[in-house]
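> Below is target.cif; it holds mmCIF, C-alpha atoms.
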```cif
data_input
#
loop_
_atom_site.label_atom_id
_atom_site.label_comp_id
_atom_site.auth_asym_id
_atom_site.auth_seq_id
_atom_site.Cartn_x
_atom_site.Cartn_y
_atom_site.Cartn_z
CA MET R 1 -11.89 123.92 -157.27
CA GLN R 2 -15.04 125.66 -158.55
CA LYS R 3 -16.39 122.38 -159.93
CA LYS R 4 -15.99 120.74 -156.54
CA GLU R 5 -17.75 123.61 -154.73
CA ARG R 6 -20.65 123.56 -157.22
CA LYS R 7 -20.99 119.80 -156.81
CA MET R 8 -21.13 120.08 -152.99
CA ALA R 9 -23.65 122.91 -153.14
CA SER R 10 -25.96 120.97 -155.44
CA SER R 11 -25.81 117.80 -153.33
CA SER R 12 -26.56 119.66 -150.11
CA SER R 13 -29.61 121.35 -151.59
CA SER R 14 -31.10 118.13 -153.01
CA ASN R 15 -32.88 115.58 -150.86
CA PHE R 16 -30.79 112.68 -149.67
CA PRO R 17 -32.23 109.22 -150.17
CA CYS R 18 -33.55 107.46 -147.08
CA ALA R 19 -31.38 104.79 -145.49
CA ALA R 20 -33.44 102.04 -147.16
CA CYS R 21 -33.17 103.45 -150.68
CA LYS R 22 -29.50 104.18 -150.22
CA PHE R 23 -28.87 100.61 -149.03
CA LEU R 24 -31.01 99.11 -151.81
CA ARG R 25 -29.33 101.45 -154.34
CA ARG R 26 -32.50 102.85 -155.76
CA LYS R 27 -33.92 106.31 -156.23
CA CYS R 28 -35.87 107.56 -153.23
CA MET R 29 -39.21 108.80 -154.50
CA ALA R 30 -41.48 111.27 -152.73
CA ASP R 31 -43.92 108.48 -151.83
CA CYS R 32 -41.21 106.12 -150.51
CA THR R 33 -42.65 103.73 -147.91
CA PHE R 34 -39.39 103.62 -145.95
CA ALA R 35 -38.43 107.33 -145.93
CA PRO R 36 -40.45 108.44 -142.87
CA TYR R 37 -39.10 105.58 -140.76
CA PHE R 38 -35.52 105.07 -141.93
CA PRO R 39 -33.83 108.49 -142.17
CA PRO R 40 -30.46 108.78 -143.90
CA GLU R 41 -28.77 109.41 -140.52
CA GLU R 42 -29.70 105.90 -139.30
CA PRO R 43 -28.42 103.45 -141.91
CA GLN R 44 -27.72 100.71 -139.33
CA LYS R 45 -31.39 100.65 -138.34
CA PHE R 46 -32.47 99.66 -141.86
CA PHE R 47 -29.50 97.35 -142.34
CA ASN R 48 -30.49 95.33 -139.25
CA VAL R 49 -34.19 95.21 -140.17
CA HIS R 50 -33.39 94.25 -143.76
CA LYS R 51 -30.98 91.51 -142.67
CA ILE R 52 -33.56 89.86 -140.37
CA PHE R 53 -36.89 90.51 -142.11
CA GLY R 54 -36.09 91.55 -145.70
CA ALA R 55 -37.13 94.78 -147.41
CA SER R 56 -40.19 93.29 -149.09
CA ASN R 57 -41.61 91.92 -145.82
CA VAL R 58 -40.95 95.20 -144.00
CA SER R 59 -42.67 97.13 -146.79
CA LYS R 60 -45.71 94.82 -146.57
CA LEU R 61 -45.86 95.17 -142.78
CA ILE R 62 -45.66 98.96 -142.93
CA ASN R 63 -48.44 99.14 -145.52
CA GLU R 64 -50.71 96.69 -143.63
CA VAL R 65 -50.54 98.65 -140.38
CA ALA R 66 -52.68 101.71 -139.69
CA PRO R 67 -50.75 104.95 -140.34
CA HIS R 68 -50.77 106.00 -136.67
CA GLN R 69 -49.15 102.67 -135.69
CA ARG R 70 -46.41 102.57 -138.31
CA GLN R 71 -43.70 104.31 -136.30
CA ASP R 72 -44.23 101.94 -133.38
CA THR R 73 -44.20 98.99 -135.77
CA VAL R 74 -40.89 100.04 -137.31
CA ASN R 75 -39.40 100.68 -133.86
CA SER R 76 -40.48 97.19 -132.77
CA LEU R 77 -39.00 95.63 -135.89
CA ALA R 78 -35.74 97.51 -135.34
CA TYR R 79 -35.58 96.40 -131.69
CA GLU R 80 -36.32 92.77 -132.57
CA ALA R 81 -33.80 92.82 -135.43
CA GLU R 82 -31.07 94.16 -133.16
CA ALA R 83 -31.91 91.58 -130.51
CA ARG R 84 -31.89 88.77 -133.12
CA LEU R 85 -28.48 89.86 -134.34
CA LYS R 86 -27.14 89.76 -130.77
CA ASP R 87 -28.91 86.50 -129.87
CA PRO R 88 -30.01 84.60 -132.98
CA VAL R 89 -31.84 81.88 -131.01
CA TYR R 90 -33.92 83.84 -128.50
CA GLY R 91 -33.86 87.44 -129.73
CA CYS R 92 -35.75 89.86 -127.50
CA VAL R 93 -37.42 86.95 -125.67
CA GLY R 94 -34.01 86.17 -124.16
CA ALA R 95 -33.68 89.75 -122.91
CA ILE R 96 -37.20 89.63 -121.46
CA SER R 97 -36.42 86.35 -119.71
CA VAL R 98 -33.26 87.80 -118.15
CA LEU R 99 -35.19 90.83 -116.91
CA GLN R 100 -37.98 88.66 -115.48
CA ARG R 101 -35.46 86.57 -113.54
CA GLN R 102 -33.85 89.76 -112.24
CA VAL R 103 -37.23 91.10 -111.09
CA MET R 104 -38.00 87.81 -109.31
CA ARG R 105 -34.58 87.84 -107.59
CA LEU R 106 -35.04 91.44 -106.48
CA GLN R 107 -38.57 90.67 -105.23
CA ARG R 108 -37.23 87.81 -103.08
CA GLU R 109 -34.52 90.10 -101.75
CA LEU R 110 -37.10 92.80 -100.95
CA ASP R 111 -39.32 90.24 -99.19
CA ALA R 112 -36.35 89.06 -97.09
CA ILE R 113 -35.47 92.65 -96.12
CA ARG R 114 -39.09 93.37 -95.18
CA ALA R 115 -39.13 90.23 -93.02
CA ASP R 116 -35.90 91.39 -91.33
CA LEU R 117 -37.43 94.80 -90.66
CA ILE R 118 -40.52 93.23 -89.11
CA ARG R 119 -38.37 90.94 -86.98
CA TYR R 120 -36.15 93.79 -85.82
CA SER R 121 -39.06 96.13 -85.09
CA ALA R 122 -40.81 93.34 -83.14
CA ALA R 123 -37.62 92.84 -81.14
CA CYS R 124 -37.74 96.52 -80.23
CA GLY R 125 -41.31 96.18 -79.00
CA GLU R 126 -43.01 98.01 -81.87
CA MET R 127 -44.77 96.34 -84.79
CA GLN R 128 -44.49 98.30 -88.02
CA PRO R 129 -46.34 97.43 -91.22
CA PRO R 130 -44.08 95.73 -93.78
CA THR R 131 -44.35 98.62 -96.24
CA THR R 132 -42.79 101.14 -93.83
CA VAL R 133 -39.28 101.15 -92.51
CA GLY R 134 -39.51 99.83 -88.97
CA THR R 135 -37.25 101.61 -86.51
CA CYS R 136 -37.18 101.78 -82.77
CA PHE R 137 -37.97 105.34 -81.82
CA ASP R 138 -37.80 107.10 -78.47
CA HIS R 139 -40.79 109.41 -78.71
CA ASN R 140 -39.63 111.51 -75.75
CA ALA R 141 -36.05 112.21 -76.84
CA GLY R 142 -36.61 112.06 -80.64
CA ASN R 143 -33.74 109.58 -81.11
CA SER R 144 -33.73 106.25 -82.89
CA TYR R 145 -32.43 103.39 -80.82
CA CYS R 146 -32.95 99.73 -80.16
CA PRO R 147 -31.83 98.36 -76.80
CA ASP R 148 -32.40 94.74 -77.78
CA SER R 149 -29.33 92.57 -78.38
CA LEU R 150 -30.69 91.31 -81.74
CA TRP R 151 -29.45 94.52 -83.32
CA ASN R 152 -25.90 93.74 -82.31
CA GLU R 153 -25.75 90.17 -83.61
CA PRO R 154 -23.79 89.43 -86.78
CA TYR R 155 -25.93 89.50 -89.92
CA GLY R 156 -25.39 87.02 -92.73
CA ASP R 157 -22.14 85.23 -93.52
CA ASN R 158 -20.00 88.34 -93.88
CA GLY R 159 -19.63 88.76 -90.11
CA GLY R 160 -20.83 92.35 -90.20
CA SER R 161 -23.36 93.65 -87.75
CA TYR R 162 -25.95 96.33 -87.50
CA GLY R 163 -25.28 98.87 -84.80
CA GLY R 164 -27.70 99.61 -82.00
CA SER R 165 -28.90 102.87 -83.55
CA LEU R 166 -30.13 103.55 -87.02
#
```
Any chance you could give the structure as structure tokens?

Amino acid sequence: MQKKERKMASSSSSNFPCAACKFLRRKCMADCTFAPYFPPEEPQKFFNVHKIFGASNVSKLINEVAPHQRQDTVNSLAYEAEARLKDPVYGCVGAISVLQRQVMRLQRELDAIRADLIRYSAACGEMQPPTTVGTCFDHNAGNSYCPDSLWNEPYGDNGGSYGGSL
């Protein structure tokens, strides 16, 4: 039992190899290129980067980049490697494309809602700019209302309707 305790104590006091050196089964030296960017707690990060780019290419990239840009470079490589493993054909470009389509769809939806607001506020007799929420407002009583029948017509295909007051 004493041998085991001594062994654990000595391993906890020594430095653990970085994830790259551990994966590559080599001794992690003090001047290891990978150590600052691939800590031992994140072995999957190096595994993904190594699988897509190779250790030699990653080492070259890290050394060619200015020291203040290295962390961002490694983070970009790790992101691209993970994306390539998920989608080998498109990688992160596929994710960007999906997000761009989602933004375009949401922009069209926002434009349609703004047009509805303008139409509804015009029906109430007040024109509101498209960037503000247009409501019909009784300035004397402080209540929102819209007496026009447009507010009570069904909206869309779901058969629902907007009530007369907001």
> Mind checking which residues fall within 10 Å of Phe46 in chain R, counting all atoms listed in the file, ignoring those fewer than 3 positions away in the same chain, and posting them as a ChimeraX atom specification?
/R:18-23,34,37-40,42-43,49-52,54-55,58,74,77-78,81
> Which residue out of R:Ala122, R:Phe47, R:Glu41, R:Ser97 has the minimum interatomic distance to Leu85 in chain R when all atoms listed in the file are used?
R:Phe47
> Measure the distance from CA of Thr33 in chain R to CA of Glu80 in chain R in Å and round it to one decimal.
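Between CA of Thr33 in chain R and CA of Glu80 in chain R the gap is 19.9 Å.
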> Between R:Asn48, R:Leu99, R:Ala35, R:Cys28, which is the closest to Gln71 in chain R once you count all atoms listed in the file?
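Result for the nearest residue to Gln71 in chain R: R:Ala35.
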> Using Å and a single decimal, report how far CA of Thr73 in chain R sits from CA of Arg101 in chain R.
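For CA of Arg101 in chain R relative to CA of Thr73 in chain R, the distance reads 26.9 Å.
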> Distance CA of Asn63 in chain R-CA of Asp31 in chain R, one decimal place?
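We find that CA of Asn63 in chain R and CA of Asp31 in chain R lie 12.1 Å from each other.
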> Give the answer as one residue: which of R:Ser56, R:Gln102, R:Ser121, R:Gln44 has the shortest atom-to-atom distance to Glu82 in chain R, using all atoms listed in the file?
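For Glu82 in chain R, the nearest of the given residues is R:Gln44.
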